[in-house]
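Below is one structure, written out as structure tokens, with a few remarks after it.
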Amino acid sequence: DGTYWYHAFLSSGTFTPSTSLTCDALVVAGGGGGGSNGGGGAGAGGLSYQTGRSISAASTVTIGSGGASQTSGTNSVFDTITSNAGGGGASGVPGQNASSGGSGGGGRYTTYTAGGAATQGNTGGATGFGFAGGTGVNYGWGAGAGGGGAGAVGAANPSAANAGAGGAGVNTYSTWATATATGVSGFYAGGGGGGIEPSGTAGTASGGGGAGSVGGVGTAGIPNTGGGGGGGWTSTTGGGNGGSGIVIIRYAMA
């Protein structure tokens, strides 16, 4: 971009500098899969950021995959920085609860209502970001809560006929997104929106997360954003898949 060189990893590989350098690193894990049967949206992958990291040798880069319906994604790794996978959304079927993760999956409207906890902490010298999934409120209607995002907690389902929105991602790194043509409008790691029965309003999402569905299959998270999948209604596979993660490394131009 005239100031920095950027290396964006969309799949796993190795970063091998030709000389010792100081870099900044952004590491986003894969998002979880949304819940089914009026289930919760999934949590986004955890996001980790470090500035001024010294690199002198080859470093492994692992890009986390997005989770299938109701399952968590997988971790993304750069050197010693590990971003935790996003948690899967809860199913409307009792016993299939929201999962914890980098950001937690959204809760359901029936018996067990809590969203998954956020597990992303600081890691390998980087600062970690992630929020919990929203709480599912039992209104006697099949609406799920939103999954957590890297920038905000997922929203509870606000009424009997409305599912919860996914937690916001972050656009702090919008210049990185522009330089590498990645992210969604400058955002990464948004949570998925909650799903709902075949009426009402599904939960919205942003920052790479997938919207929930009204009576169908939730929208998938966008690849290489770490977005959580949207909650759905259809059987046990009604949740949208999570978006895969991304690793971006930048350093000053000589």
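Just so we're on the same page: first chain in the structure tokens is A, next is B, and so on; residues restart at 1 for each chain, and ligands are numbered from 1 in the order they show up.
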Self-check item: Test item: residues at most 6 Å from Gly133 in chain A, only C-alpha atoms, excluding those fewer than 6 positions along its chain, as a PyMOL selection string
Solution: chain A and resi 104-106+115-116+147-148+153-154
If you count only C-alpha atoms, which residues fall within 6 Å of range 204-213 of chain A, apart from same-chain ones fewer than 5 positions away, as a CSV table (one decimal) with C-alpha atoms, in the first residue's frame?
chain,number,residue,atom,x,y,z
A,165,ALA,CA,-28.5,-10.7,15.3
A,166,GLY,CA,-24.9,-11.9,15.2
A,169,GLY,CA,-17.0,-8.1,13.7
A,184,VAL,CA,-16.2,-7.6,4.1
A,187,PHE,CA,-14.6,-6.1,8.7
A,188,TYR,CA,-13.5,-9.6,9.9
A,189,ALA,CA,-15.0,-12.1,12.4
A,190,GLY,CA,-18.7,-11.3,12.6
A,191,GLY,CA,-21.1,-13.7,14.4
A,192,GLY,CA,-24.0,-15.5,12.6
A,193,GLY,CA,-27.6,-14.5,13.0
A,194,GLY,CA,-30.2,-16.7,14.7
A,195,GLY,CA,-32.6,-18.9,12.8
A,218,GLY,CA,-28.9,-20.6,7.5
A,219,THR,CA,-26.5,-18.6,5.3
A,220,ALA,CA,-22.8,-19.7,5.4
A,221,GLY,CA,-20.1,-17.4,6.8
A,222,ILE,CA,-17.9,-15.8,4.2
A,225,THR,CA,-13.3,-13.8,7.3
A,227,GLY,CA,-17.5,-15.4,10.2
A,228,GLY,CA,-20.0,-17.6,12.0
A,229,GLY,CA,-22.7,-19.4,10.1
A,230,GLY,CA,-26.3,-18.4,10.4
A,231,GLY,CA,-28.9,-20.5,12.3
A,232,GLY,CA,-31.5,-22.4,10.4
Quiz item: When you draw a straight line from CA of Gly203 in chain A to CA of Ala118 in chain A, how long is it in Å?
Solution: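 Here the two named atoms are 19.9 Å from each other.
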Quiz prompt | Minimum-distance residue to Ser159 in chain A, chosen among A:Ala179, A:Gly121, A:Ser12, A:Ala202 (using only C-alpha atoms) | solution =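 Answer, going by the shortest atom-to-atom distance: A:Ala202.
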Exercise. Show which residues sit within 10 Å of Gly39 in chain A, as a ChimeraX atom specification. Count only C-alpha atoms, and ignore same-chain residues fewer than 3 positions away.
Key: /A:34-36,42,70,88-93,96-98,105-110,136,142-146,163,193-197,212-213,218,230-234,236,238-239
Quiz prompt | Per-residue DSSP, range 2-45 of chain A, filtered to strand (DSSP E or B), as an NGL selection string | solution = :A and (4-9 or 13-15 or 21-28)
Quiz item: Pick from A:Gly87, A:Gly43, A:Gly128, A:Gly31: nearest to Gly66 in chain A, with only C-alpha atoms counted?
Solution: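 Answer, going by the shortest atom-to-atom distance: A:Gly31.
All residues of range 14-253 of chain A that DSSP, run on the backbone, classes as helix (DSSP H, G or I) are Ser174, Thr175, Trp176, Ala177, Thr178, Ala179 and Thr180 of chain A.
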